[in-house]
$ cat start_10.txt   # compact mmCIF, C-alpha atoms
# COMPACT_ATOMS: atom_id res chain seq x y z
CA MET M 13 0.28 0.21 -17.54
CA ALA M 14 -1.01 -1.83 -14.59
CA ALA M 15 -3.55 -3.72 -16.68
CA THR M 16 -0.97 -4.75 -19.29
CA SER M 17 1.78 -5.73 -16.84
CA ALA M 18 1.96 -9.42 -15.93
CA PHE M 19 3.64 -8.44 -12.64
CA THR M 20 0.97 -6.07 -11.35
CA LYS M 21 -1.98 -7.94 -12.88
CA ARG M 22 -0.83 -11.16 -11.18
CA ALA M 23 -0.54 -9.35 -7.84
CA TYR M 24 -4.03 -7.89 -8.19
CA GLU M 25 -5.58 -11.26 -9.05
CA ALA M 26 -3.72 -13.04 -6.24
CA GLN M 27 -4.94 -10.38 -3.83
CA LEU M 28 -8.52 -10.96 -4.97
CA ALA M 29 -8.05 -14.70 -4.47
CA HIS M 30 -7.04 -14.05 -0.86
CA ILE M 31 -10.20 -11.99 -0.38
CA TYR M 32 -12.44 -14.73 -1.78
CA ARG M 33 -10.84 -17.19 0.65
CA ILE M 34 -11.97 -15.13 3.64
CA GLN M 35 -14.29 -17.47 5.57
CA ASN M 36 -16.31 -14.85 7.43
CA LYS M 37 -18.94 -13.73 4.92
CA GLN M 38 -19.50 -10.36 6.57
CA ILE M 39 -15.81 -9.50 6.43
CA ARG M 40 -15.45 -10.90 2.91
CA ASP M 41 -18.36 -8.81 1.63
CA ILE M 42 -17.00 -5.67 3.29
CA VAL M 43 -13.56 -6.08 1.73
CA LEU M 44 -15.00 -6.88 -1.71
CA GLU M 45 -17.18 -3.77 -1.57
CA PHE M 46 -14.22 -1.58 -0.67
CA VAL M 47 -12.05 -3.11 -3.41
CA LEU M 48 -14.55 -3.46 -6.26
CA ASN M 49 -16.82 -0.48 -5.58
CA PRO M 50 -14.65 2.10 -3.77
CA LYS M 51 -16.44 5.19 -2.51
CA ALA M 52 -15.28 7.49 0.27
CA THR M 53 -18.79 8.32 1.44
CA ALA M 54 -17.48 10.25 4.46
CA PHE M 55 -15.90 12.68 1.97
CA GLU M 56 -18.49 12.25 -0.81
CA GLN M 57 -15.80 11.04 -3.20
CA ALA M 58 -16.06 8.19 -5.68
CA ALA M 59 -12.78 6.62 -6.77
CA THR M 60 -11.37 8.09 -9.97
CA GLN M 61 -9.25 5.04 -10.82
CA SER M 62 -9.39 1.31 -10.29
CA TRP M 63 -7.75 -0.59 -7.48
CA LEU M 64 -5.58 -2.32 -10.09
CA ALA M 65 -4.24 1.01 -11.37
CA SER M 66 -3.50 2.55 -7.97
CA PRO M 67 0.01 3.15 -6.59
CA GLY M 68 1.28 1.83 -3.29
CA SER M 69 2.60 5.18 -2.12
CA GLY M 70 3.38 8.76 -3.05
CA TRP M 71 6.08 9.74 -5.48
CA ARG M 72 9.53 8.17 -5.10
CA SER M 73 8.46 5.99 -2.20
CA HIS M 74 7.64 2.28 -1.95
CA HIS M 75 5.61 0.69 -4.76
CA SER M 76 5.21 4.12 -6.35
CA TYR M 77 3.96 3.03 -9.75
CA PRO M 78 0.75 1.89 -11.48
CA GLY M 79 -0.37 -1.32 -9.82
CA GLY M 80 1.90 -0.80 -6.82
CA LEU M 81 -0.95 -0.96 -4.30
CA SER M 82 -1.75 -4.57 -5.21
CA VAL M 83 1.91 -5.59 -5.11
CA HIS M 84 2.37 -3.94 -1.71
CA ASN M 85 -0.73 -5.61 -0.24
CA LEU M 86 0.03 -9.03 -1.67
CA GLU M 87 3.55 -8.97 -0.23
CA TRP M 88 2.30 -8.23 3.28
CA VAL M 89 -0.59 -10.69 3.14
CA GLU M 90 1.78 -13.48 2.15
CA VAL M 91 4.29 -12.52 4.84
CA ALA M 92 1.63 -12.23 7.55
CA LEU M 93 0.04 -15.56 6.66
CA GLY M 94 3.46 -17.18 6.78
CA TRP M 95 3.95 -15.65 10.20
CA SER M 96 0.51 -16.93 11.24
CA ASP M 97 1.51 -20.43 10.13
CA THR M 98 4.66 -20.10 12.25
CA TRP M 99 2.66 -19.22 15.36
CA GLU M 100 0.55 -22.31 14.79
CA LYS M 101 3.59 -24.57 14.29
CA VAL M 102 5.57 -23.19 17.24
CA TYR M 103 2.89 -22.28 19.77
CA GLY M 104 -0.16 -24.25 18.66
CA VAL M 105 -1.98 -20.90 18.35
CA LYS M 106 -4.54 -20.57 15.54
CA LEU M 107 -5.04 -16.94 14.59
CA ASP M 108 -7.99 -15.42 12.75
CA ARG M 109 -6.58 -15.27 9.23
CA ASP M 110 -9.66 -13.40 8.01
CA LEU M 111 -8.81 -10.40 10.18
CA ILE M 112 -5.18 -10.46 9.10
CA VAL M 113 -5.96 -10.60 5.37
CA ALA M 114 -8.77 -8.05 5.55
CA GLY M 115 -6.79 -5.61 7.68
CA LEU M 116 -3.78 -5.66 5.39
CA ILE M 117 -5.74 -5.38 2.16
CA LEU M 118 -7.71 -2.42 3.49
CA HIS M 119 -4.88 -0.61 5.28
CA ASP M 120 -3.89 1.61 2.31
CA TRP M 121 -7.35 1.88 0.75
CA GLY M 122 -7.07 5.68 0.74
CA LYS M 123 -4.34 5.45 -1.90
CA LEU M 124 -7.02 4.66 -4.47
CA TRP M 125 -7.30 8.44 -4.73
CA PHE M 126 -3.59 9.13 -5.16
CA LEU M 127 -3.32 10.95 -8.46
CA PHE M 128 -1.04 10.16 -11.38
CA ASP M 129 -0.29 13.71 -12.48
CA ASP M 130 -0.06 13.63 -16.28
CA GLY M 131 1.59 17.04 -16.40
CA SER M 132 4.52 16.19 -14.12
CA GLY M 133 4.60 12.41 -14.20
CA LYS M 134 4.46 12.37 -10.41
CA ILE M 135 2.00 11.00 -7.86
CA ARG M 136 0.24 13.23 -5.35
CA GLU M 137 -2.61 13.27 -2.87
CA PRO M 138 -5.92 14.77 -4.04
CA ASP M 139 -6.83 18.30 -2.98
CA TRP M 140 -9.82 17.12 -0.93
CA TYR M 141 -7.69 15.06 1.47
CA PRO M 142 -8.02 16.29 5.08
CA LYS M 143 -5.34 18.90 5.73
CA ALA M 144 -5.54 18.82 9.53
CA TRP M 145 -4.98 15.07 9.82
CA GLY M 146 -2.32 14.41 12.42
CA THR M 147 -0.98 17.96 12.54
CA LYS M 148 -0.51 17.74 16.31
CA ALA M 149 1.05 14.28 16.29
CA ASN M 150 4.23 12.60 15.13
CA TRP M 151 2.18 10.46 12.74
CA LYS M 152 1.32 13.44 10.53
CA TRP M 153 3.87 12.01 8.07
CA MET M 154 1.25 9.44 7.14
CA GLY M 155 -0.73 12.01 5.23
CA GLY M 156 -4.45 11.78 4.65
CA HIS M 157 -4.84 8.21 3.45
CA GLY M 158 -5.17 6.92 7.01
CA ALA M 159 -7.89 9.43 7.81
CA VAL M 160 -9.80 8.52 4.65
CA LEU M 161 -9.87 4.82 5.52
CA TYR M 162 -10.60 5.12 9.22
CA ALA M 163 -13.31 7.74 8.71
CA GLU M 164 -14.94 5.53 6.10
CA LEU M 165 -14.84 2.39 8.25
CA ILE M 166 -16.30 4.32 11.17
CA ALA M 167 -18.95 6.01 9.02
CA ARG M 168 -20.14 2.64 7.71
CA GLY M 169 -20.25 1.06 11.16
CA ILE M 170 -17.70 -1.61 10.28
CA PRO M 171 -17.01 -4.11 13.13
CA THR M 172 -14.36 -2.69 15.42
CA ASP M 173 -12.11 -5.75 15.32
CA LEU M 174 -11.69 -5.17 11.56
CA LEU M 175 -11.28 -1.41 12.01
CA PHE M 176 -8.59 -1.93 14.63
CA SER M 177 -6.87 -4.56 12.50
CA ALA M 178 -6.60 -2.16 9.56
CA ALA M 179 -5.49 0.71 11.80
CA SER M 180 -2.77 -1.48 13.32
CA ALA M 181 -0.86 -1.28 10.05
CA HIS M 182 0.12 2.27 11.01
CA PHE M 183 -0.18 2.17 14.79
CA ASP M 184 1.44 -0.43 17.03
CA PRO M 185 -1.39 -1.38 19.42
CA TYR M 186 1.07 -1.46 22.33
CA TRP M 187 3.66 1.28 21.80
CA ALA M 188 1.32 3.57 19.89
CA LEU M 189 -2.07 3.12 21.50
CA GLU M 190 -2.34 6.42 23.32
CA LYS M 191 0.37 8.68 24.70
CA ASP M 192 0.25 12.47 24.94
CA GLY M 193 -2.48 12.73 22.34
CA GLU M 194 -0.81 10.38 19.87
CA GLY M 195 -1.38 6.81 18.74
CA MET M 196 -4.24 4.68 17.47
CA ASN M 197 -6.99 5.92 19.76
CA PRO M 198 -6.29 9.65 19.09
CA ALA M 199 -6.14 8.90 15.36
CA LEU M 200 -9.48 7.12 15.50
CA ARG M 201 -10.97 10.01 17.50
CA GLU M 202 -9.88 12.42 14.80
CA ALA M 203 -11.28 10.17 12.07
CA ALA M 204 -14.55 9.81 14.00
CA GLU M 205 -14.90 13.60 14.05
CA ILE M 206 -14.68 13.57 10.25
CA ALA M 207 -17.28 10.79 10.05
CA LYS M 208 -19.47 12.55 12.67
CA LYS M 209 -19.72 9.30 14.62
CA PRO M 210 -18.73 8.19 18.13
CA ALA M 211 -15.07 7.23 18.31
CA PRO M 212 -14.31 3.51 18.78
CA VAL M 213 -11.73 2.91 21.53
CA VAL M 214 -9.13 0.18 21.74
CA LYS M 215 -9.05 -1.11 25.32
CA PRO M 216 -5.55 -2.12 26.48
CA GLU M 217 -6.92 -5.27 28.09
CA GLU M 218 -8.69 -6.36 24.86
CA ARG M 219 -5.97 -6.21 22.21
CA MET M 220 -5.99 -9.04 19.67
CA ALA M 221 -2.88 -11.00 18.72
CA GLU M 222 -3.76 -10.69 15.02
CA TRP M 223 -3.17 -6.93 15.07
CA TRP M 224 0.55 -7.34 15.70
CA LEU M 225 1.05 -9.34 12.53
CA VAL M 226 -0.56 -6.47 10.62
CA THR M 227 1.63 -3.97 12.48
CA PHE M 228 4.98 -5.61 11.99
CA THR M 229 4.53 -6.60 8.37
CA ASP M 230 3.57 -3.12 7.17
CA GLU M 231 6.22 -1.50 9.33
CA ALA M 232 8.98 -3.50 7.60
CA TRP M 233 9.45 -0.56 5.24
CA SER M 234 13.17 0.12 5.55
CA PHE M 235 14.22 -2.03 2.59
CA SER M 236 11.30 -1.29 0.29
CA THR M 237 11.36 2.46 0.86
CA MET M 238 14.85 3.45 1.91
CA VAL M 239 16.87 0.99 -0.17
CA ALA M 240 15.02 -0.57 -3.10
CA ALA M 241 12.80 2.37 -4.05
CA ARG M 242 15.44 5.05 -3.58
CA PHE M 243 17.99 3.11 -5.59
CA ALA M 244 15.51 2.25 -8.34
CA PHE M 245 14.43 5.85 -8.81
CA GLU M 246 18.03 7.03 -8.82
CA LEU M 247 19.06 4.52 -11.50
CA LEU M 248 15.92 5.09 -13.56
CA GLU M 249 16.66 8.80 -13.60
CA GLU M 250 20.25 8.13 -14.68
CA THR M 251 19.01 5.87 -17.46
CA ALA M 252 16.46 8.46 -18.58
CA LYS M 253 19.22 11.08 -18.67
CA ASP M 254 21.38 8.76 -20.80
CA LEU M 255 18.42 8.55 -23.19
CA GLY M 256 18.28 12.33 -23.47
CA LEU M 257 15.43 12.97 -21.06
CA LYS M 258 15.64 15.81 -18.56
CA PRO M 259 15.81 14.57 -14.95
CA ASP M 260 12.49 14.78 -13.09
CA SER M 261 10.69 15.71 -16.30
CA ARG M 262 7.27 14.36 -17.24
CA GLU M 263 8.88 12.00 -19.73
CA ALA M 264 11.56 10.74 -17.33
CA ASN M 265 9.00 10.16 -14.57
CA LYS M 266 6.65 8.30 -16.88
CA LEU M 267 9.56 6.13 -17.95
CA ALA M 268 9.88 5.23 -14.26
CA TRP M 269 6.15 4.44 -14.07
CA PHE M 270 6.50 2.10 -17.01
CA VAL M 271 9.62 0.20 -15.94
CA LEU M 272 8.53 -0.15 -12.31
CA SER M 273 5.09 -1.39 -13.32
CA ARG M 274 6.82 -4.14 -15.33
CA VAL M 275 9.47 -5.33 -12.89
CA GLY M 276 9.21 -3.42 -9.60
CA ASP M 277 11.95 -1.79 -7.55
CA PHE M 278 12.91 -5.01 -5.73
CA LYS M 279 13.89 -6.65 -9.03
CA ILE M 280 15.99 -3.65 -10.01
CA TYR M 281 17.90 -3.85 -6.75
CA GLU M 282 18.35 -7.60 -7.16
CA VAL M 283 19.98 -7.04 -10.56
CA TYR M 284 22.29 -4.48 -8.94
CA GLN M 285 23.24 -6.81 -6.09
CA LYS M 286 23.79 -9.89 -8.25
CA ALA M 287 25.94 -7.85 -10.64
CA GLY M 288 28.35 -7.09 -7.82
CA PHE M 289 26.78 -3.66 -7.20
CA HIS M 290 27.66 -2.34 -10.66
CA ARG M 291 25.32 0.41 -11.76
CA GLU M 292 25.89 -0.12 -15.46
CA ALA M 293 24.39 -3.63 -15.23
CA VAL M 294 21.18 -2.08 -13.88
CA LYS M 295 21.05 0.47 -16.67
CA GLN M 296 21.44 -2.32 -19.21
CA PHE M 297 18.60 -4.20 -17.54
CA VAL M 298 16.33 -1.15 -17.57
CA ARG M 299 17.11 -0.50 -21.24
CA SER M 300 16.31 -4.15 -22.05
CA VAL M 301 12.87 -3.71 -20.45
CA LEU M 302 12.29 -0.57 -22.51
CA ASP M 303 13.55 -2.19 -25.72
CA ASP M 304 11.42 -5.31 -25.32
CA PRO M 305 8.80 -5.18 -22.59
CA ALA M 306 6.85 -8.15 -24.01
CA PRO M 307 8.29 -10.73 -21.56
CA TYR M 308 6.91 -8.67 -18.68
CA GLU M 309 3.47 -8.03 -20.11
CA VAL M 310 0.15 -9.82 -20.25
CA PRO M 311 0.17 -11.87 -23.48
CA LYS M 312 -1.91 -10.34 -26.23
CA ARG M 313 -4.71 -12.48 -27.55
$ encode --input "start_10.txt" --output "structure tokens"
Amino acid sequence: MAATSAFTKRAYEAQLAHIYRIQNKQIRDIVLEFVLNPKATAFEQAATQSWLASPGSGWRSHHSYPGGLSVHNLEWVEVALGWSDTWEKVYGVKLDRDLIVAGLILHDWGKLWFLFDDGSGKIREPDWYPKAWGTKANWKWMGGHGAVLYAELIARGIPTDLLFSAASAHFDPYWALEKDGEGMNPALREAAEIAKKPAPVVKPEERMAEWWLVTFTDEAWSFSTMVAARFAFELLEETAKDLGLKPDSREANKLAWFVLSRVGDFKIYEVYQKAGFHREAVKQFVRSVLDDPAPYEVPKR
């Protein structure tokens, strides 16, 4: 689905273009290796699907469809670079765009192993994901994908400024650095235990400005997750039911995979809003995508 969708394929290719524009060769080569040849060596796990195919989150969350990872990353890279341009225009401050791009593209790398369950039509974490990750902290909601990335970066001896940039997507380097066993440093200590390496430590007096752009772009989740995604899944399920499919069945869930991979949840909500918040207009739009998906797909040669 991701490979045949113009929407997700375009996002994947645009993301790659951002990687190739990274000026620092060491960082560029690291990111390309993680994207094009993904292996979680700290867990002895090769990727079972391509970056292009991977979802941006677990089931019924943001970008939860084939190709969603690329869409999610591209959105934040574009936002963060726009923010970087603003800092330069307003303050005359020139940030390290390489760190911003690399950190955001890598931040959800662990989702390459999120499984599209053919039996249920849902998305789930693999069984080998670390079960103890964050169990004593408020950030346990993150699941294992953070542990997989941080452990891998530490195991490979990746430069700490890149490690900290990627980790900043989930941990504010000011409010969530270290407090009562929580925050970025405790998370990195736990990941270092998995990697069997010394734990890198973020020093409060050496925090980079670039990390905050990574933090605040990825933390802008309230619309994508709580509004657009929730509404899209609700309306897709209603549409599937109208078509005679049992709610939350394999067939209904795969219908959601297909439609979302073609247009995304943001577009579905836009249709709803522009139609004066009429649900029937959204159902008609979804049915039009199902009836003729060609306008949303990569042209056949």
$ atom_distance --input "start_10.txt" --atom1 "CA of Lys21 in chain M" --atom2 "CA of Gln61 in chain M"
15.0 Å
$ atom_distance --input "start_10.txt" --atom1 "CA of Ala58 in chain M" --atom2 "CA of Leu124 in chain M"
9.8 Å
$ residues_around --input "start_10.txt" --residues "Lys215 in chain M" --least-positions-apart "5" --cutoff "12 Å" --atoms "only C-alpha atoms" --output "list in words"
Thr172, Asp173, Phe176, Pro185, Tyr186, Leu189, Glu190, Met196, Asn197 and Met220 of chain M
$ closest_atom_pairs --input "start_10.txt" --of "range 14-72 of chain M" --to "range 200-214 of chain M" --cutoff "10 Å" --atoms "all atoms listed in the file" --output "CSV"
residue,atom,partner,partner_atom,distance
M:Thr53,CA,M:Ala207,CA,9.1
M:Ala54,CA,M:Ala207,CA,5.6
M:Phe55,CA,M:Ala207,CA,8.4
$ write_last_selection --input "start_10.txt" --atoms "C-alpha atoms" --output "compact mmCIF listing (two decimals), in the frame of the given file"
# COMPACT_ATOMS: atom_id res chain seq x y z
CA THR M 53 -18.79 8.32 1.44
CA ALA M 54 -17.48 10.25 4.46
CA PHE M 55 -15.90 12.68 1.97
$ closest_atom_pairs --input "start_10.txt" --of "range 106-189 of chain M" --to "range 266-286 of chain M" --cutoff "10 Å" --atoms "all atoms listed in the file" --output "CSV"
residue,atom,partner,partner_atom,distance
M:Phe128,CA,M:Trp269,CA,9.6
M:Asp129,CA,M:Lys266,CA,9.8
M:Asp130,CA,M:Lys266,CA,8.6
M:Ser132,CA,M:Lys266,CA,8.6
M:Gly133,CA,M:Lys266,CA,5.3
M:Lys134,CA,M:Lys266,CA,8.0
M:Ile135,CA,M:Trp269,CA,9.9
$ atom_distance --input "start_10.txt" --atom1 "CA of Val226 in chain M" --atom2 "CA of His84 in chain M"
12.9 Å
$ closest_residue --input "start_10.txt" --among "M:Trp125, M:Tyr103, M:Phe46, M:Tyr24" --to "Tyr141 in chain M" --atoms "only C-alpha atoms"
M:Trp125
$ closest_residue --input "start_10.txt" --among "M:Pro311, M:Ala188, M:Ala114, M:Val239" --to "Ile170 in chain M" --atoms "only C-alpha atoms"
M:Ala114
$ residues_around --input "start_10.txt" --residues "Lys258 in chain M" --least-positions-apart "6" --cutoff "12 Å" --atoms "all atoms listed in the file" --output "MDAnalysis selection string"
chainID M and resid 132 248:252 264:267
$ residues_around --input "start_10.txt" --residues "Val89 in chain M" --least-positions-apart "4" --cutoff "9 Å" --atoms "only C-alpha atoms" --output "ChimeraX atom specification"
/M:27,30,84-85,93-94,112-114,116-117,226,229
$ closest_residue --input "start_10.txt" --among "M:Phe19, M:Leu81, M:Ser177, M:Leu111" --to "Arg219 in chain M" --atoms "all atoms listed in the file"
M:Ser177
$ residues_around --input "start_10.txt" --residues "Ser66 in chain M" --least-positions-apart "5" --cutoff "10 Å" --atoms "all atoms listed in the file" --output "ChimeraX atom specification"
/M:14,60-61,75-82,121-128
$ closest_residue --input "start_10.txt" --among "M:Glu217, M:Glu164, M:Glu45, M:Asp230" --to "Asp184 in chain M" --atoms "all atoms listed in the file"
M:Asp230
$ closest_residue --input "start_10.txt" --among "M:Gly115, M:Pro138, M:Gly256, M:Gly288" --to "Trp88 in chain M" --atoms "all atoms listed in the file"
M:Gly115
$ closest_residue --input "start_10.txt" --among "M:Leu225, M:Leu64, M:Ala241, M:Ala287" --to "Leu107 in chain M" --atoms "only C-alpha atoms"
M:Leu225
